[in-house]
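Engineer: Take a look at this one; I'll ask things after.
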Amino acid sequence: MINYIERAVTPCEFNLLRKSVGWNEFNENEIGKSLEHYLYSIAAVDDSNDRIVGMGRVLGDEKIDFFIKDIIIVPEYQGKHIGTTIMNKIMEYINRNAVDLANVALMAAKDKETFYERFGFSVRPNTRQGAGMNLKIITNLDASARYGVL
């Protein structure tokens with residue numbers, strides 16, 4: 001049985017989840033504070049082996065802007081509605097706290113856009129909105145080489 005716990009994941013758990021889906025890992029000594037700063041965070045734990053198998057979190061200003069981050073499900077647990085349950089819980093949190101016309105954003109992993117469309121998200125660009133944008137900060141390069149790398 002999967003148990004859903006409203007809590008932050010540890011840096012070790014975060015890296016284990018990221019590694020399971022082929023994402024880069026972070027220095028655990030550097031990311032602890034980051035993982036503690038959230039509006040809402042949820043972990044999915046398999047009770048049969050006490051293993052964390054999924055997570056999701058929300059960042060933002062508590063009322064106007066919300067950013068959904070790190071929806072990660074261990075591959076062997078995908079297809080069991082864990083991601084859907086996590087997103088439902090996240091959207092319940094946002095709907096309880098958002099003001100009228102609040103903005104909810106996320107960056108979908110490649111080919112996962114249709115999953116988020118089920119929750120009302122729109123793919124950008126579209127007829128009303130331009131492309132979503134992001135910038136990766138590369139700290140191990142000199143300042144002149146940081147931009148436009150990824």
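If you're wondering about the labels, chains in the structure tokens are A, B, ... by order shown, residues count from 1 in each chain, ligands from 1 in order shown.
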Please provide the set of residues having any atom within 12 Å of Asp50 in chain A, restricted to only C-alpha atoms, with same-chain residues fewer than 2 positions apart removed, written as a tab-separated table (two decimals) with N, CA and C atoms, in the first residue's frame.
Structural biologist:
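Final output, saved to out32.tsv:
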```
chain	number	residue	atom	x	y	z
A	1	MET	N	0.84	-1.19	0.00
A	1	MET	CA	0.00	0.00	0.00
A	1	MET	C	0.88	1.25	0.00
A	2	ILE	N	0.47	2.25	-0.74
A	2	ILE	CA	1.19	3.51	-0.80
A	2	ILE	C	0.58	4.48	0.21
A	3	ASN	N	1.43	5.05	1.03
A	3	ASN	CA	1.02	6.04	2.01
A	3	ASN	C	1.51	7.40	1.55
A	4	TYR	N	0.66	8.42	1.60
A	4	TYR	CA	1.01	9.77	1.18
A	4	TYR	C	1.19	10.62	2.43
A	13	GLU	N	16.78	11.20	-0.15
A	13	GLU	CA	15.58	10.72	-0.84
A	13	GLU	C	15.40	11.44	-2.17
A	43	ALA	N	5.21	13.23	0.01
A	43	ALA	CA	6.02	12.06	-0.31
A	43	ALA	C	5.11	10.84	-0.38
A	44	ALA	N	5.36	9.98	-1.36
A	44	ALA	CA	4.65	8.70	-1.48
A	44	ALA	C	5.60	7.61	-1.01
A	45	VAL	N	5.15	6.83	-0.03
A	45	VAL	CA	5.99	5.80	0.57
A	45	VAL	C	5.30	4.44	0.45
A	46	ASP	N	6.03	3.45	-0.03
A	46	ASP	CA	5.52	2.09	-0.11
A	46	ASP	C	5.63	1.48	1.28
A	47	ASP	N	4.50	1.22	1.92
A	47	ASP	CA	4.48	0.69	3.29
A	47	ASP	C	5.10	-0.70	3.39
A	48	SER	N	5.11	-1.46	2.30
A	48	SER	CA	5.61	-2.83	2.37
A	48	SER	C	7.13	-2.88	2.57
A	52	ILE	N	10.61	5.34	-0.23
A	52	ILE	CA	9.98	6.48	-0.89
A	52	ILE	C	9.95	6.21	-2.39
A	53	VAL	N	8.76	6.34	-2.98
A	53	VAL	CA	8.59	6.00	-4.40
A	53	VAL	C	8.08	7.16	-5.23
```
Engineer: Compile the contact shell of Lys63 in chain A as a list in words: residues with an atom at most 8 Å away, counting only C-alpha atoms, same-chain residues fewer than 5 positions apart removed.
Structural biologist: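 The contact residues come out as Asn97, Ala98, Val99 and Ala102 of chain A.
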Engineer: As a PyMOL selection string, please: all residues of chain A that backbone DSSP puts in helix (DSSP H, G or I).
Structural biologist: chain A and resi 11-20+28-36+75-77+82-97+113-117+143-145
Engineer: Quick one: of A:Ile138, A:Ile42, A:Leu35, A:Val58, who's nearest to Thr85 in chain A, counting only C-alpha atoms?
Structural biologist: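 Of the candidates, the smallest distance to Thr85 in chain A is held by A:Ile42.
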Engineer: As an MDAnalysis selection string, please: the residues near Gly56 in chain A (cut-off 8 Å, only C-alpha atoms, same-chain neighbours under 5 positions excluded).
Structural biologist: chainID A and resid 41:43 68:72 86:87 90
Engineer: Enumerate as a PDB file with N, CA, C and O atoms, in the first residue's frame all residues of chain A assigned to strand (DSSP E) by DSSP on the backbone, naming them with the chain letters and numbers the document uses.
Structural biologist:
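The file below, part34.pdb, is the result:
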```pdb
ATOM      1  N   ILE A   2       0.466   2.249  -0.737  1.00  0.00           N
ATOM      2  CA  ILE A   2       1.190   3.511  -0.797  1.00  0.00           C
ATOM      3  C   ILE A   2       0.578   4.478   0.208  1.00  0.00           C
ATOM      4  O   ILE A   2      -0.632   4.681   0.242  1.00  0.00           O
ATOM      5  N   ASN A   3       1.432   5.054   1.029  1.00  0.00           N
ATOM      6  CA  ASN A   3       1.021   6.039   2.014  1.00  0.00           C
ATOM      7  C   ASN A   3       1.514   7.403   1.549  1.00  0.00           C
ATOM      8  O   ASN A   3       2.667   7.532   1.141  1.00  0.00           O
ATOM      9  N   TYR A   4       0.660   8.419   1.605  1.00  0.00           N
ATOM     10  CA  TYR A   4       1.008   9.770   1.184  1.00  0.00           C
ATOM     11  C   TYR A   4       1.189  10.624   2.430  1.00  0.00           C
ATOM     12  O   TYR A   4       0.276  10.764   3.235  1.00  0.00           O
ATOM     13  N   ILE A   5       2.396  11.184   2.569  1.00  0.00           N
ATOM     14  CA  ILE A   5       2.751  11.925   3.772  1.00  0.00           C
ATOM     15  C   ILE A   5       3.105  13.354   3.375  1.00  0.00           C
ATOM     16  O   ILE A   5       3.978  13.570   2.526  1.00  0.00           O
ATOM     17  N   TYR A  40       4.099  23.481  -0.025  1.00  0.00           N
ATOM     18  CA  TYR A  40       3.456  22.184   0.181  1.00  0.00           C
ATOM     19  C   TYR A  40       4.382  21.129  -0.403  1.00  0.00           C
ATOM     20  O   TYR A  40       4.947  21.323  -1.476  1.00  0.00           O
ATOM     21  N   SER A  41       4.538  20.048   0.313  1.00  0.00           N
ATOM     22  CA  SER A  41       5.373  18.952  -0.177  1.00  0.00           C
ATOM     23  C   SER A  41       4.740  17.636   0.253  1.00  0.00           C
ATOM     24  O   SER A  41       4.204  17.529   1.363  1.00  0.00           O
ATOM     25  N   ILE A  42       4.806  16.664  -0.622  1.00  0.00           N
ATOM     26  CA  ILE A  42       4.197  15.367  -0.333  1.00  0.00           C
ATOM     27  C   ILE A  42       5.117  14.251  -0.806  1.00  0.00           C
ATOM     28  O   ILE A  42       5.728  14.346  -1.865  1.00  0.00           O
ATOM     29  N   ALA A  43       5.206  13.227   0.010  1.00  0.00           N
ATOM     30  CA  ALA A  43       6.023  12.058  -0.311  1.00  0.00           C
ATOM     31  C   ALA A  43       5.113  10.839  -0.383  1.00  0.00           C
ATOM     32  O   ALA A  43       4.207  10.680   0.431  1.00  0.00           O
ATOM     33  N   ALA A  44       5.358   9.975  -1.361  1.00  0.00           N
ATOM     34  CA  ALA A  44       4.652   8.701  -1.481  1.00  0.00           C
ATOM     35  C   ALA A  44       5.602   7.609  -1.009  1.00  0.00           C
ATOM     36  O   ALA A  44       6.714   7.490  -1.517  1.00  0.00           O
ATOM     37  N   VAL A  45       5.148   6.827  -0.031  1.00  0.00           N
ATOM     38  CA  VAL A  45       5.990   5.795   0.572  1.00  0.00           C
ATOM     39  C   VAL A  45       5.295   4.445   0.446  1.00  0.00           C
ATOM     40  O   VAL A  45       4.107   4.311   0.771  1.00  0.00           O
ATOM     41  N   ASP A  46       6.033   3.452  -0.032  1.00  0.00           N
ATOM     42  CA  ASP A  46       5.523   2.088  -0.110  1.00  0.00           C
ATOM     43  C   ASP A  46       5.633   1.480   1.283  1.00  0.00           C
ATOM     44  O   ASP A  46       6.733   1.257   1.790  1.00  0.00           O
ATOM     45  N   ARG A  51       9.908   2.349   1.485  1.00  0.00           N
ATOM     46  CA  ARG A  51      10.688   3.025   0.448  1.00  0.00           C
ATOM     47  C   ARG A  51       9.920   4.221  -0.096  1.00  0.00           C
ATOM     48  O   ARG A  51       8.727   4.107  -0.405  1.00  0.00           O
ATOM     49  N   ILE A  52      10.606   5.338  -0.232  1.00  0.00           N
ATOM     50  CA  ILE A  52       9.984   6.484  -0.890  1.00  0.00           C
ATOM     51  C   ILE A  52       9.947   6.208  -2.387  1.00  0.00           C
ATOM     52  O   ILE A  52      10.954   5.831  -2.985  1.00  0.00           O
ATOM     53  N   VAL A  53       8.762   6.343  -2.979  1.00  0.00           N
ATOM     54  CA  VAL A  53       8.592   6.004  -4.396  1.00  0.00           C
ATOM     55  C   VAL A  53       8.081   7.163  -5.232  1.00  0.00           C
ATOM     56  O   VAL A  53       7.937   7.039  -6.443  1.00  0.00           O
ATOM     57  N   GLY A  54       7.810   8.297  -4.602  1.00  0.00           N
ATOM     58  CA  GLY A  54       7.337   9.446  -5.349  1.00  0.00           C
ATOM     59  C   GLY A  54       7.307  10.684  -4.493  1.00  0.00           C
ATOM     60  O   GLY A  54       7.372  10.617  -3.265  1.00  0.00           O
ATOM     61  N   MET A  55       7.238  11.816  -5.170  1.00  0.00           N
ATOM     62  CA  MET A  55       7.169  13.088  -4.463  1.00  0.00           C
ATOM     63  C   MET A  55       6.601  14.161  -5.370  1.00  0.00           C
ATOM     64  O   MET A  55       6.507  13.991  -6.586  1.00  0.00           O
ATOM     65  N   GLY A  56       6.255  15.274  -4.759  1.00  0.00           N
ATOM     66  CA  GLY A  56       5.885  16.490  -5.464  1.00  0.00           C
ATOM     67  C   GLY A  56       5.933  17.630  -4.472  1.00  0.00           C
ATOM     68  O   GLY A  56       5.783  17.421  -3.269  1.00  0.00           O
ATOM     69  N   ARG A  57       6.172  18.835  -4.971  1.00  0.00           N
ATOM     70  CA  ARG A  57       6.199  19.981  -4.079  1.00  0.00           C
ATOM     71  C   ARG A  57       5.738  21.229  -4.800  1.00  0.00           C
ATOM     72  O   ARG A  57       5.702  21.273  -6.030  1.00  0.00           O
ATOM     73  N   VAL A  58       5.373  22.226  -4.007  1.00  0.00           N
ATOM     74  CA  VAL A  58       4.887  23.498  -4.528  1.00  0.00           C
ATOM     75  C   VAL A  58       5.706  24.619  -3.905  1.00  0.00           C
ATOM     76  O   VAL A  58       5.890  24.659  -2.686  1.00  0.00           O
ATOM     77  N   LEU A  59       6.185  25.516  -4.743  1.00  0.00           N
ATOM     78  CA  LEU A  59       6.876  26.721  -4.315  1.00  0.00           C
ATOM     79  C   LEU A  59       5.984  27.902  -4.660  1.00  0.00           C
ATOM     80  O   LEU A  59       5.069  27.785  -5.461  1.00  0.00           O
ATOM     81  N   GLY A  60       6.242  29.051  -4.067  1.00  0.00           N
ATOM     82  CA  GLY A  60       5.478  30.231  -4.446  1.00  0.00           C
ATOM     83  C   GLY A  60       5.302  31.217  -3.333  1.00  0.00           C
ATOM     84  O   GLY A  60       5.993  31.166  -2.319  1.00  0.00           O
ATOM     85  N   ASP A  65       1.045  33.294  -6.892  1.00  0.00           N
ATOM     86  CA  ASP A  65       1.873  32.496  -7.782  1.00  0.00           C
ATOM     87  C   ASP A  65       2.293  31.186  -7.123  1.00  0.00           C
ATOM     88  O   ASP A  65       2.821  31.191  -6.002  1.00  0.00           O
ATOM     89  N   PHE A  66       2.069  30.098  -7.852  1.00  0.00           N
ATOM     90  CA  PHE A  66       2.425  28.763  -7.391  1.00  0.00           C
ATOM     91  C   PHE A  66       3.234  28.089  -8.491  1.00  0.00           C
ATOM     92  O   PHE A  66       2.920  28.211  -9.672  1.00  0.00           O
ATOM     93  N   PHE A  67       4.266  27.371  -8.096  1.00  0.00           N
ATOM     94  CA  PHE A  67       5.103  26.665  -9.054  1.00  0.00           C
ATOM     95  C   PHE A  67       5.230  25.218  -8.594  1.00  0.00           C
ATOM     96  O   PHE A  67       5.744  24.948  -7.501  1.00  0.00           O
ATOM     97  N   ILE A  68       4.722  24.307  -9.396  1.00  0.00           N
ATOM     98  CA  ILE A  68       4.767  22.881  -9.077  1.00  0.00           C
ATOM     99  C   ILE A  68       6.109  22.337  -9.539  1.00  0.00           C
ATOM    100  O   ILE A  68       6.518  22.551 -10.677  1.00  0.00           O
ATOM    101  N   LYS A  69       6.791  21.631  -8.638  1.00  0.00           N
ATOM    102  CA  LYS A  69       8.145  21.144  -8.900  1.00  0.00           C
ATOM    103  C   LYS A  69       8.265  19.677  -8.548  1.00  0.00           C
ATOM    104  O   LYS A  69       7.604  19.183  -7.646  1.00  0.00           O
ATOM    105  N   ASP A  70       9.168  19.030  -9.244  1.00  0.00           N
ATOM    106  CA  ASP A  70       9.669  17.718  -8.844  1.00  0.00           C
ATOM    107  C   ASP A  70       8.591  16.663  -8.635  1.00  0.00           C
ATOM    108  O   ASP A  70       8.590  15.956  -7.633  1.00  0.00           O
ATOM    109  N   ILE A  71       7.700  16.545  -9.604  1.00  0.00           N
ATOM    110  CA  ILE A  71       6.776  15.410  -9.585  1.00  0.00           C
ATOM    111  C   ILE A  71       7.600  14.236 -10.106  1.00  0.00           C
ATOM    112  O   ILE A  71       7.888  14.157 -11.300  1.00  0.00           O
ATOM    113  N   ILE A  72       8.010  13.369  -9.202  1.00  0.00           N
ATOM    114  CA  ILE A  72       8.893  12.264  -9.566  1.00  0.00           C
ATOM    115  C   ILE A  72       8.302  10.972  -9.014  1.00  0.00           C
ATOM    116  O   ILE A  72       7.986  10.885  -7.829  1.00  0.00           O
ATOM    117  N   ILE A  73       8.165   9.977  -9.877  1.00  0.00           N
ATOM    118  CA  ILE A  73       7.697   8.651  -9.483  1.00  0.00           C
ATOM    119  C   ILE A  73       8.741   7.644  -9.950  1.00  0.00           C
ATOM    120  O   ILE A  73       9.122   7.637 -11.119  1.00  0.00           O
ATOM    121  N   ASN A 103      -1.828  32.336 -10.552  1.00  0.00           N
ATOM    122  CA  ASN A 103      -1.097  31.657 -11.616  1.00  0.00           C
ATOM    123  C   ASN A 103      -0.438  30.397 -11.058  1.00  0.00           C
ATOM    124  O   ASN A 103       0.249  30.461 -10.043  1.00  0.00           O
ATOM    125  N   VAL A 104      -0.647  29.283 -11.737  1.00  0.00           N
ATOM    126  CA  VAL A 104      -0.010  28.020 -11.360  1.00  0.00           C
ATOM    127  C   VAL A 104       0.829  27.576 -12.550  1.00  0.00           C
ATOM    128  O   VAL A 104       0.311  27.430 -13.653  1.00  0.00           O
ATOM    129  N   ALA A 105       2.122  27.364 -12.321  1.00  0.00           N
ATOM    130  CA  ALA A 105       3.032  27.025 -13.408  1.00  0.00           C
ATOM    131  C   ALA A 105       3.796  25.754 -13.074  1.00  0.00           C
ATOM    132  O   ALA A 105       3.911  25.358 -11.915  1.00  0.00           O
ATOM    133  N   LEU A 106       4.318  25.134 -14.119  1.00  0.00           N
ATOM    134  CA  LEU A 106       5.216  23.993 -13.968  1.00  0.00           C
ATOM    135  C   LEU A 106       5.988  23.831 -15.257  1.00  0.00           C
ATOM    136  O   LEU A 106       5.636  24.413 -16.278  1.00  0.00           O
TER     137      LEU A 106
END
```
Engineer: Of the candidates A:Cys12, A:Val74, A:Ile82, A:Ala131, which one gets nearest to Asn29 in chain A if we count only C-alpha atoms?
Structural biologist: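 Counting only C-alpha atoms, the residue closest to Asn29 in chain A is A:Cys12.
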Engineer: Could you state the separation of CA of Ser34 in chain A and CA of Gly83 in chain A in Å, given to one decimal place?
Structural biologist: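 For CA of Ser34 in chain A relative to CA of Gly83 in chain A, the distance reads 22.1 Å.
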Engineer: List the spatial neighbours of Val21 in chain A as a ChimeraX atom specification - criterion: any atom at most 7 Å away, only C-alpha atoms, same-chain residues fewer than 3 positions off excluded.
Structural biologist: /A:17-18,74-75
Engineer: Would you please work out which residue, of A:Arg7, A:Met107, A:Phe115, A:Glu62, is nearest to Asn134 in chain A when using only C-alpha atoms?
Structural biologist: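 Of all the options, A:Met107 lies closest to Asn134 in chain A.
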Engineer: To one decimal place, how far is CA of Glu28 in chain A from CA of Phe14 in chain A in Å?
Structural biologist: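 For CA of Glu28 in chain A relative to CA of Phe14 in chain A, the distance reads 8.9 Å.
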Engineer: Take CA of Asn126 in chain A and CA of Asp111 in chain A and report the distance between them in Å, one decimal.
Structural biologist: 17.0 Å
